[in-house]
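Student: Let me begin by handing over the structure; questions about it come next.
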Amino acid sequence: MKRIKLFEVDSQFKKKRSWTVEELAEYSRDPRVLDELAVHSSPVVRRLVAGNSSTPEEALMWLIQDSIPPVKEAAVQNPNLPSEGMLLASRDPNAYLRMAIAHRKDVPIRILLGMRGDRQSQYPYEEIASQVEASIGRYLETCSPEERESLESLLNMQDLGIQTSEDPVDLEGLDLGESRRAVERFQLWESSRPGGFKARMERARLSQDPAELDQFSRDKSYQVLMEVAQNPWTPPEALLRIISTTWGIAAELAINHPNCPEEALWYAADSNDYSMRLKLVQLRTVPIEILIHMLKKGDVPGVMKELKNSIDRQLDELDPGERARVERLWTIS
């Protein structure tokens with residue numbers, strides 16, 4: 001391998017040594033060296049620089065726009081990637097980049113809001129959209145009551161199709177009072193026309209037609225979805241759609257529905273939405289196989305505590321023969 005005339009102090013042996021270009025790209029801690037290597041002709045070198053935790057923000061901004069997908073895919077995982085780079089990745093045709101951004105815990109909420117309803121090709125967009133909604137829900141659980149109220153108002157506006165500005169993710173100067181008034185004006189207009197969301201809510205609440213309720217499960221209004229999730233006539237496929245494409249109260253209501261199919265419960269068990277998983281393990285009717293699957297996979301302490309209690313409760317309710325079969329089958333004691 002080609003060696004360059006440059007030395008660094010090895011942090012482990014405290015002595016001078018020569019480095020290959022690839023070694024420098026992967027292990028160097030000098031931002032100036034990494035900045036230079038970010039424009040190296042070799043895509044292998046650029047990929048190693050993109051994955052280096054010491055690479056500066058300016059170099060990562062260059063690498064996130066690289067023409068070689070593996071370089072961008074390494075850059076999007078770098079903890080130093082600035083928010084401007086995250087925004088570029090959230091709009092990239094590469095679905096891996098968009099999913100990686102949706103998974104990052106440090107992604108600004110304005111970028112997540114701009115990613116709602118991902119409909120780009122190359123990837124099952126439902127998975128990206130579901131992760132975005134889960135990340136937004138996680139953010140709402142940690143923010144202040146004032147910020148939560150403001151963001152929920154903005155989410156409501158997005159669901160109703162209200163454009164707040166030329167940039168739909170521009171939260172700078174978002175006026176809560178004005179956003180509320182905009183929602184109220186839109187709802188007033190909607191309620192005054194046939195087929196408005198209030199009329200759809202009423203119909204979703206009273207309908208006894210499974211086909212009609214299945215159609216309502218595709219509605220953009222969160223309030224309509226909540227009514228569908230509570231209607232006793234809602235078919236299993238509609239409940240599965242609500243659980244797999246939305247988050248929060250509507251999904252939790254769907255999990256509690258007596259018609260909720262086992263497929264939807266398995267989906268909820270692997271969901272990124274903490275509240276959905278917690279609600280699932282608290283159900284008395286969830287199959288023990290799903291609970292043991294979640295136990296073996298592991299979860300956060302709050303879910304694990306409820307999970308173990310639910311499994312113990314179900315095991316206690318089994319007759320000795322069935323309990324022995326379950327314990328033998330899933331190797332738990």
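Following the order of the structure tokens, first chain is A, next is B, and so on, with residues numbered from 1 inside each chain and ligands from 1 in the order they appear.
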Residues near segment 86-103 of chain A, anyone? I mean within 7 Å using only C-alpha atoms, not counting same-chain ones fewer than 4 positions away, as a list of chain:residue names.
Tutor: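 These residues fall inside the cut-off: A:Glu73, A:Val76, A:Leu81, A:Pro82, A:Val107, A:Ile111, A:Leu112, A:Met115, A:Gln122, A:Tyr123, A:Ile128, A:Gln131, A:Val132, A:Ser135.
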Student: Using only C-alpha atoms, determine which residues lie at most 12 Å from Asp66 of chain A, disregarding the query and same-chain residues fewer than 3 positions distant; provide the list as a PyMOL selection string.
Tutor: chain A and resi 38-43+46-47+50+59-63+69-76+85+88-89+92+94
Student: Create the file for the chosen residues now, containing N, CA and C atoms and written as a compact mmCIF listing (two decimals), in the first residue's frame.
Tutor:
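Printed below is part_2.txt as written:
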```txt
# COMPACT_ATOMS: atom_id res chain seq x y z
N ALA A 38 -10.81 13.82 2.73
CA ALA A 38 -12.22 13.76 2.36
C ALA A 38 -12.43 13.95 0.86
N VAL A 39 -11.43 14.53 0.18
CA VAL A 39 -11.54 14.73 -1.27
C VAL A 39 -10.56 13.82 -2.02
N HIS A 40 -10.12 12.75 -1.36
CA HIS A 40 -9.19 11.81 -1.99
C HIS A 40 -9.87 11.13 -3.18
N SER A 41 -9.09 10.74 -4.17
CA SER A 41 -9.65 10.12 -5.37
C SER A 41 -10.20 8.73 -5.13
N SER A 42 -9.72 8.04 -4.06
CA SER A 42 -10.18 6.69 -3.79
C SER A 42 -11.47 6.70 -2.98
N PRO A 43 -12.54 6.05 -3.47
CA PRO A 43 -13.78 5.98 -2.68
C PRO A 43 -13.61 5.20 -1.38
N ARG A 46 -12.32 7.73 1.08
CA ARG A 46 -13.39 8.66 1.46
C ARG A 46 -14.39 7.97 2.39
N ARG A 47 -14.68 6.70 2.14
CA ARG A 47 -15.62 5.98 3.01
C ARG A 47 -15.05 5.85 4.43
N ALA A 50 -15.36 9.12 6.12
CA ALA A 50 -16.76 9.37 6.48
C ALA A 50 -17.15 8.65 7.77
N ALA A 59 -16.00 18.52 6.38
CA ALA A 59 -15.69 17.37 5.54
C ALA A 59 -16.91 16.46 5.39
N LEU A 60 -17.67 16.30 6.45
CA LEU A 60 -18.86 15.44 6.38
C LEU A 60 -19.92 16.03 5.45
N MET A 61 -20.01 17.36 5.42
CA MET A 61 -20.95 18.00 4.49
C MET A 61 -20.57 17.69 3.04
N TRP A 62 -19.29 17.57 2.78
CA TRP A 62 -18.83 17.21 1.45
C TRP A 62 -19.12 15.73 1.18
N LEU A 63 -18.85 14.87 2.17
CA LEU A 63 -18.99 13.43 1.99
C LEU A 63 -20.44 12.98 1.90
N PRO A 69 -22.52 5.70 -3.16
CA PRO A 69 -23.45 5.43 -2.05
C PRO A 69 -22.79 4.97 -0.75
N PRO A 70 -21.81 4.03 -0.76
CA PRO A 70 -21.21 3.62 0.53
C PRO A 70 -20.55 4.76 1.30
N VAL A 71 -20.05 5.77 0.58
CA VAL A 71 -19.45 6.93 1.26
C VAL A 71 -20.53 7.70 2.01
N LYS A 72 -21.64 7.96 1.33
CA LYS A 72 -22.74 8.69 1.98
C LYS A 72 -23.33 7.88 3.13
N GLU A 73 -23.41 6.56 2.95
CA GLU A 73 -23.99 5.71 3.99
C GLU A 73 -23.11 5.67 5.25
N ALA A 74 -21.80 5.83 5.07
CA ALA A 74 -20.92 5.93 6.23
C ALA A 74 -21.05 7.30 6.88
N ALA A 75 -21.16 8.33 6.07
CA ALA A 75 -21.26 9.70 6.60
C ALA A 75 -22.54 9.91 7.40
N VAL A 76 -23.64 9.29 6.97
CA VAL A 76 -24.92 9.53 7.64
C VAL A 76 -24.94 8.94 9.04
N GLY A 85 -26.40 18.55 7.05
CA GLY A 85 -26.15 17.28 6.39
C GLY A 85 -27.29 16.30 6.59
N LEU A 88 -30.01 17.19 4.13
CA LEU A 88 -29.71 16.68 2.79
C LEU A 88 -29.99 15.19 2.71
N ALA A 89 -29.58 14.43 3.72
CA ALA A 89 -29.79 12.98 3.71
C ALA A 89 -31.27 12.63 3.77
N ASP A 92 -32.60 12.64 0.30
CA ASP A 92 -31.82 11.89 -0.69
C ASP A 92 -32.66 10.74 -1.25
N ASN A 94 -31.64 7.90 -1.89
CA ASN A 94 -31.16 6.68 -1.26
C ASN A 94 -31.99 6.41 0.01
```
Student: Take atom CA of Asp299 of chain A and atom CA of Leu283 of chain A and report the distance between them in Å, one decimal.
Tutor: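 For atom CA of Asp299 of chain A relative to atom CA of Leu283 of chain A, the distance reads 16.8 Å.
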Student: With distances taken over only C-alpha atoms, which of A:Gly137, A:Trp266, A:Ser275, A:Arg313 is nearest to His293 of chain A?
Tutor: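 The shortest atom-to-atom distance to His293 of chain A comes from A:Trp266.
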Student: Segment 20-108 of chain A: which residues are helix (DSSP H, G or I) by DSSP, as a VMD selection string?
Tutor: chain A and resid 21 to 27 31 to 37 43 to 50 57 to 63 69 to 75 83 to 90 95 to 103
Student: Write out the residues from the selection above, keeping N, CA and C atoms, as a short mmCIF file (atom, residue, chain, number, x, y, z; two decimals), in the first residue's frame.
Tutor:
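Dumped to result.cif:
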```
data_model
loop_
_atom_site.label_atom_id
_atom_site.label_comp_id
_atom_site.auth_asym_id
_atom_site.auth_seq_id
_atom_site.Cartn_x
_atom_site.Cartn_y
_atom_site.Cartn_z
N VAL A 21 -2.37 5.51 3.65
CA VAL A 21 -3.48 6.45 3.44
C VAL A 21 -4.75 5.89 4.08
N GLU A 22 -4.99 4.59 3.91
CA GLU A 22 -6.19 3.98 4.47
C GLU A 22 -6.18 4.03 6.00
N GLU A 23 -5.00 3.81 6.61
CA GLU A 23 -4.90 3.88 8.07
C GLU A 23 -5.16 5.29 8.57
N LEU A 24 -4.61 6.26 7.88
CA LEU A 24 -4.86 7.65 8.27
C LEU A 24 -6.35 7.97 8.18
N ALA A 25 -6.97 7.53 7.10
CA ALA A 25 -8.40 7.82 6.91
C ALA A 25 -9.24 7.22 8.02
N GLU A 26 -8.85 6.04 8.50
CA GLU A 26 -9.65 5.34 9.50
C GLU A 26 -9.32 5.72 10.94
N TYR A 27 -8.03 5.99 11.21
CA TYR A 27 -7.61 6.16 12.61
C TYR A 27 -7.12 7.56 12.97
N PRO A 31 -8.04 16.76 12.46
CA PRO A 31 -9.08 17.25 11.54
C PRO A 31 -8.51 17.76 10.22
N ARG A 32 -7.29 18.32 10.25
CA ARG A 32 -6.71 18.85 9.00
C ARG A 32 -6.40 17.72 8.03
N VAL A 33 -5.86 16.61 8.56
CA VAL A 33 -5.57 15.45 7.70
C VAL A 33 -6.86 14.88 7.13
N LEU A 34 -7.87 14.73 7.97
CA LEU A 34 -9.13 14.16 7.53
C LEU A 34 -9.84 15.06 6.53
N ASP A 35 -9.70 16.36 6.71
CA ASP A 35 -10.30 17.30 5.77
C ASP A 35 -9.68 17.15 4.38
N GLU A 36 -8.37 16.92 4.33
CA GLU A 36 -7.70 16.72 3.05
C GLU A 36 -8.10 15.39 2.42
N LEU A 37 -8.17 14.35 3.23
CA LEU A 37 -8.49 13.02 2.70
C LEU A 37 -9.95 12.89 2.28
N PRO A 43 -12.54 6.05 -3.47
CA PRO A 43 -13.78 5.98 -2.68
C PRO A 43 -13.61 5.20 -1.38
N VAL A 44 -12.65 4.26 -1.35
CA VAL A 44 -12.39 3.51 -0.12
C VAL A 44 -11.87 4.45 0.96
N VAL A 45 -10.95 5.34 0.58
CA VAL A 45 -10.40 6.31 1.53
C VAL A 45 -11.51 7.25 2.00
N ARG A 46 -12.32 7.73 1.08
CA ARG A 46 -13.39 8.66 1.46
C ARG A 46 -14.39 7.97 2.39
N ARG A 47 -14.68 6.70 2.14
CA ARG A 47 -15.62 5.98 3.01
C ARG A 47 -15.05 5.85 4.43
N LEU A 48 -13.76 5.57 4.53
CA LEU A 48 -13.13 5.46 5.86
C LEU A 48 -13.12 6.80 6.59
N VAL A 49 -12.90 7.87 5.84
CA VAL A 49 -12.95 9.21 6.44
C VAL A 49 -14.38 9.50 6.93
N ALA A 50 -15.36 9.12 6.12
CA ALA A 50 -16.76 9.37 6.48
C ALA A 50 -17.15 8.65 7.77
N GLU A 57 -17.10 18.63 10.68
CA GLU A 57 -18.40 18.83 10.05
C GLU A 57 -18.27 19.24 8.59
N GLU A 58 -17.30 20.13 8.28
CA GLU A 58 -17.15 20.61 6.90
C GLU A 58 -16.86 19.46 5.96
N ALA A 59 -16.00 18.52 6.38
CA ALA A 59 -15.69 17.37 5.54
C ALA A 59 -16.91 16.46 5.39
N LEU A 60 -17.67 16.30 6.45
CA LEU A 60 -18.86 15.44 6.38
C LEU A 60 -19.92 16.03 5.45
N MET A 61 -20.01 17.36 5.42
CA MET A 61 -20.95 18.00 4.49
C MET A 61 -20.57 17.69 3.04
N TRP A 62 -19.29 17.57 2.78
CA TRP A 62 -18.83 17.21 1.45
C TRP A 62 -19.12 15.73 1.18
N LEU A 63 -18.85 14.87 2.17
CA LEU A 63 -18.99 13.43 1.99
C LEU A 63 -20.44 12.98 1.90
N PRO A 69 -22.52 5.70 -3.16
CA PRO A 69 -23.45 5.43 -2.05
C PRO A 69 -22.79 4.97 -0.75
N PRO A 70 -21.81 4.03 -0.76
CA PRO A 70 -21.21 3.62 0.53
C PRO A 70 -20.55 4.76 1.30
N VAL A 71 -20.05 5.77 0.58
CA VAL A 71 -19.45 6.93 1.26
C VAL A 71 -20.53 7.70 2.01
N LYS A 72 -21.64 7.96 1.33
CA LYS A 72 -22.74 8.69 1.98
C LYS A 72 -23.33 7.88 3.13
N GLU A 73 -23.41 6.56 2.95
CA GLU A 73 -23.99 5.71 3.99
C GLU A 73 -23.11 5.67 5.25
N ALA A 74 -21.80 5.83 5.07
CA ALA A 74 -20.92 5.93 6.23
C ALA A 74 -21.05 7.30 6.88
N ALA A 75 -21.16 8.33 6.07
CA ALA A 75 -21.26 9.70 6.60
C ALA A 75 -22.54 9.91 7.40
N SER A 83 -26.67 19.31 11.28
CA SER A 83 -28.08 19.25 10.93
C SER A 83 -28.31 19.53 9.44
N GLU A 84 -27.45 20.38 8.84
CA GLU A 84 -27.59 20.64 7.41
C GLU A 84 -27.35 19.37 6.60
N GLY A 85 -26.40 18.55 7.05
CA GLY A 85 -26.15 17.28 6.39
C GLY A 85 -27.29 16.30 6.59
N MET A 86 -27.89 16.31 7.78
CA MET A 86 -29.05 15.45 8.04
C MET A 86 -30.21 15.83 7.12
N LEU A 87 -30.39 17.14 6.91
CA LEU A 87 -31.46 17.59 6.05
C LEU A 87 -31.25 17.10 4.62
N LEU A 88 -30.01 17.19 4.13
CA LEU A 88 -29.71 16.68 2.79
C LEU A 88 -29.99 15.19 2.71
N ALA A 89 -29.58 14.43 3.72
CA ALA A 89 -29.79 12.98 3.71
C ALA A 89 -31.27 12.63 3.77
N SER A 90 -32.06 13.45 4.49
CA SER A 90 -33.50 13.17 4.61
C SER A 90 -34.23 13.34 3.30
N ALA A 95 -32.79 5.34 -0.03
CA ALA A 95 -33.69 5.05 1.09
C ALA A 95 -32.92 4.71 2.36
N TYR A 96 -31.73 4.12 2.23
CA TYR A 96 -30.93 3.80 3.41
C TYR A 96 -30.61 5.07 4.19
N LEU A 97 -30.29 6.15 3.49
CA LEU A 97 -29.97 7.41 4.16
C LEU A 97 -31.18 7.94 4.90
N ARG A 98 -32.34 7.89 4.27
CA ARG A 98 -33.54 8.42 4.90
C ARG A 98 -33.91 7.61 6.14
N MET A 99 -33.79 6.29 6.05
CA MET A 99 -34.09 5.46 7.21
C MET A 99 -33.09 5.71 8.34
N ALA A 100 -31.81 5.87 7.97
CA ALA A 100 -30.78 6.15 8.99
C ALA A 100 -31.06 7.46 9.71
N ILE A 101 -31.50 8.48 8.97
CA ILE A 101 -31.83 9.76 9.58
C ILE A 101 -33.02 9.60 10.52
N ALA A 102 -34.02 8.85 10.10
CA ALA A 102 -35.21 8.64 10.95
C ALA A 102 -34.84 7.94 12.24
N HIS A 103 -33.77 7.12 12.23
CA HIS A 103 -33.35 6.38 13.42
C HIS A 103 -32.46 7.21 14.34
#
```
Student: Can you pull out the residues contacting Ala229 of chain A? Cut-off 12 Å, using only C-alpha atoms, and skip same-chain residues under 6 positions away; I want them as a tab-separated table (two decimals) with N, CA and C atoms, in the first residue's frame.
Tutor:
```
chain	number	residue	atom	x	y	z
A	201	MET	N	-65.62	11.83	10.77
A	201	MET	CA	-65.51	11.34	12.15
A	201	MET	C	-66.82	10.72	12.61
A	204	ALA	N	-67.39	7.48	10.77
A	204	ALA	CA	-66.49	6.44	11.26
A	204	ALA	C	-66.92	5.93	12.63
A	205	ARG	N	-67.52	6.79	13.43
A	205	ARG	CA	-67.98	6.39	14.75
A	205	ARG	C	-69.24	5.52	14.68
A	213	LEU	N	-65.36	1.12	6.90
A	213	LEU	CA	-64.39	1.38	7.96
A	213	LEU	C	-62.96	1.09	7.49
A	214	ASP	N	-62.82	0.08	6.64
A	214	ASP	CA	-61.50	-0.20	6.07
A	214	ASP	C	-61.02	0.99	5.24
A	216	PHE	N	-61.96	4.13	5.74
A	216	PHE	CA	-61.67	5.21	6.68
A	216	PHE	C	-60.31	5.01	7.36
A	217	SER	N	-59.83	3.78	7.45
A	217	SER	CA	-58.53	3.53	8.08
A	217	SER	C	-57.38	4.11	7.26
A	218	ARG	N	-57.67	4.57	6.04
A	218	ARG	CA	-56.67	5.23	5.19
A	218	ARG	C	-56.77	6.75	5.28
A	219	ASP	N	-57.68	7.26	6.12
A	219	ASP	CA	-57.93	8.70	6.20
A	219	ASP	C	-56.70	9.43	6.74
A	222	TYR	N	-56.18	12.32	11.89
A	222	TYR	CA	-55.90	11.49	13.06
A	222	TYR	C	-57.16	11.25	13.87
A	223	GLN	N	-58.05	12.24	13.92
A	223	GLN	CA	-59.29	12.09	14.68
A	223	GLN	C	-60.17	11.00	14.07
A	235	PRO	N	-62.85	-3.98	10.85
A	235	PRO	CA	-62.27	-5.29	10.51
A	235	PRO	C	-60.79	-5.39	10.88
A	236	PRO	N	-60.26	-6.60	11.02
A	236	PRO	CA	-58.86	-6.78	11.41
A	236	PRO	C	-57.87	-6.09	10.49
A	237	GLU	N	-58.12	-6.13	9.17
A	237	GLU	CA	-57.14	-5.52	8.24
A	237	GLU	C	-57.04	-4.01	8.43
A	238	ALA	N	-58.14	-3.36	8.83
A	238	ALA	CA	-58.11	-1.92	9.08
A	238	ALA	C	-57.31	-1.62	10.34
A	239	LEU	N	-57.46	-2.45	11.35
A	239	LEU	CA	-56.70	-2.25	12.59
A	239	LEU	C	-55.21	-2.47	12.36
A	240	LEU	N	-54.87	-3.47	11.55
A	240	LEU	CA	-53.46	-3.69	11.21
A	240	LEU	C	-52.89	-2.47	10.49
A	241	ARG	N	-53.66	-1.89	9.60
A	241	ARG	CA	-53.18	-0.71	8.86
A	241	ARG	C	-52.93	0.46	9.82
A	242	ILE	N	-53.83	0.69	10.75
A	242	ILE	CA	-53.66	1.79	11.70
A	242	ILE	C	-52.42	1.58	12.56
A	243	ILE	N	-52.22	0.35	13.05
A	243	ILE	CA	-51.08	0.06	13.91
A	243	ILE	C	-49.77	0.20	13.17
A	246	THR	N	-49.38	4.41	11.80
A	246	THR	CA	-49.52	5.62	12.63
A	246	THR	C	-48.90	5.35	14.00
A	248	GLY	N	-49.08	6.65	18.54
A	248	GLY	CA	-49.82	7.34	19.60
A	248	GLY	C	-51.16	6.68	19.92
A	249	ILE	N	-52.13	7.53	20.27
A	249	ILE	CA	-53.40	7.04	20.82
A	249	ILE	C	-54.15	6.17	19.84
A	250	ALA	N	-54.18	6.54	18.56
A	250	ALA	CA	-54.92	5.74	17.57
A	250	ALA	C	-54.38	4.32	17.51
A	251	ALA	N	-53.07	4.17	17.48
A	251	ALA	CA	-52.47	2.83	17.43
A	251	ALA	C	-52.75	2.06	18.72
A	252	GLU	N	-52.68	2.74	19.88
A	252	GLU	CA	-52.93	2.07	21.15
A	252	GLU	C	-54.38	1.61	21.25
A	253	LEU	N	-55.31	2.42	20.74
A	253	LEU	CA	-56.72	2.01	20.72
A	253	LEU	C	-56.91	0.80	19.82
A	254	ALA	N	-56.21	0.77	18.70
A	254	ALA	CA	-56.33	-0.36	17.78
A	254	ALA	C	-55.81	-1.65	18.41
A	255	ILE	N	-54.72	-1.56	19.19
A	255	ILE	CA	-54.18	-2.74	19.87
A	255	ILE	C	-55.19	-3.31	20.86
A	256	ASN	N	-55.96	-2.43	21.51
A	256	ASN	CA	-56.95	-2.87	22.50
A	256	ASN	C	-58.23	-3.40	21.87
A	257	HIS	N	-58.40	-3.24	20.58
A	257	HIS	CA	-59.64	-3.64	19.91
A	257	HIS	C	-59.79	-5.16	19.92
A	258	PRO	N	-61.00	-5.68	20.20
A	258	PRO	CA	-61.19	-7.14	20.23
A	258	PRO	C	-60.95	-7.82	18.89
A	259	ASN	N	-61.05	-7.07	17.79
A	259	ASN	CA	-60.81	-7.65	16.46
A	259	ASN	C	-59.36	-7.55	16.01
A	260	CYS	N	-58.50	-7.03	16.87
A	260	CYS	CA	-57.10	-6.82	16.48
A	260	CYS	C	-56.46	-8.17	16.14
```
Student: As a ChimeraX atom specification, please: the residues near Ser54 of chain A (cut-off 7 Å, only C-alpha atoms, same-chain neighbours under 2 positions excluded).
Tutor: /A:29,31,52,56
Student: Dump C-alpha atoms for the selected residues as a CSV table (one decimal), in the first residue's frame?
Tutor:
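That gives us part.csv:
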```csv
chain,number,residue,atom,x,y,z
A,29,ARG,CA,-7.5,12.2,14.9
A,31,PRO,CA,-9.1,17.3,11.5
A,52,ASN,CA,-14.1,8.4,11.3
A,56,PRO,CA,-15.0,17.6,11.1
```
Student: In Å to one decimal, how far is atom CA of Leu265 of chain A from atom CA of Ala129 of chain A?
Tutor: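 Straight-line distance from atom CA of Ala129 of chain A to atom CA of Leu265 of chain A works out to 18.9 Å.
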Student: To one decimal place, how far is atom CA of Arg138 of chain A from atom CA of Pro287 of chain A in Å?
Tutor: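 The value is 26.2 Å.
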Student: Which one of A:Val286, A:Leu113, A:Leu278, A:Ala324 sits closest to Pro261 of chain A if you count only C-alpha atoms?
Tutor: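 Selected residue with least distance to Pro261 of chain A: A:Val286.
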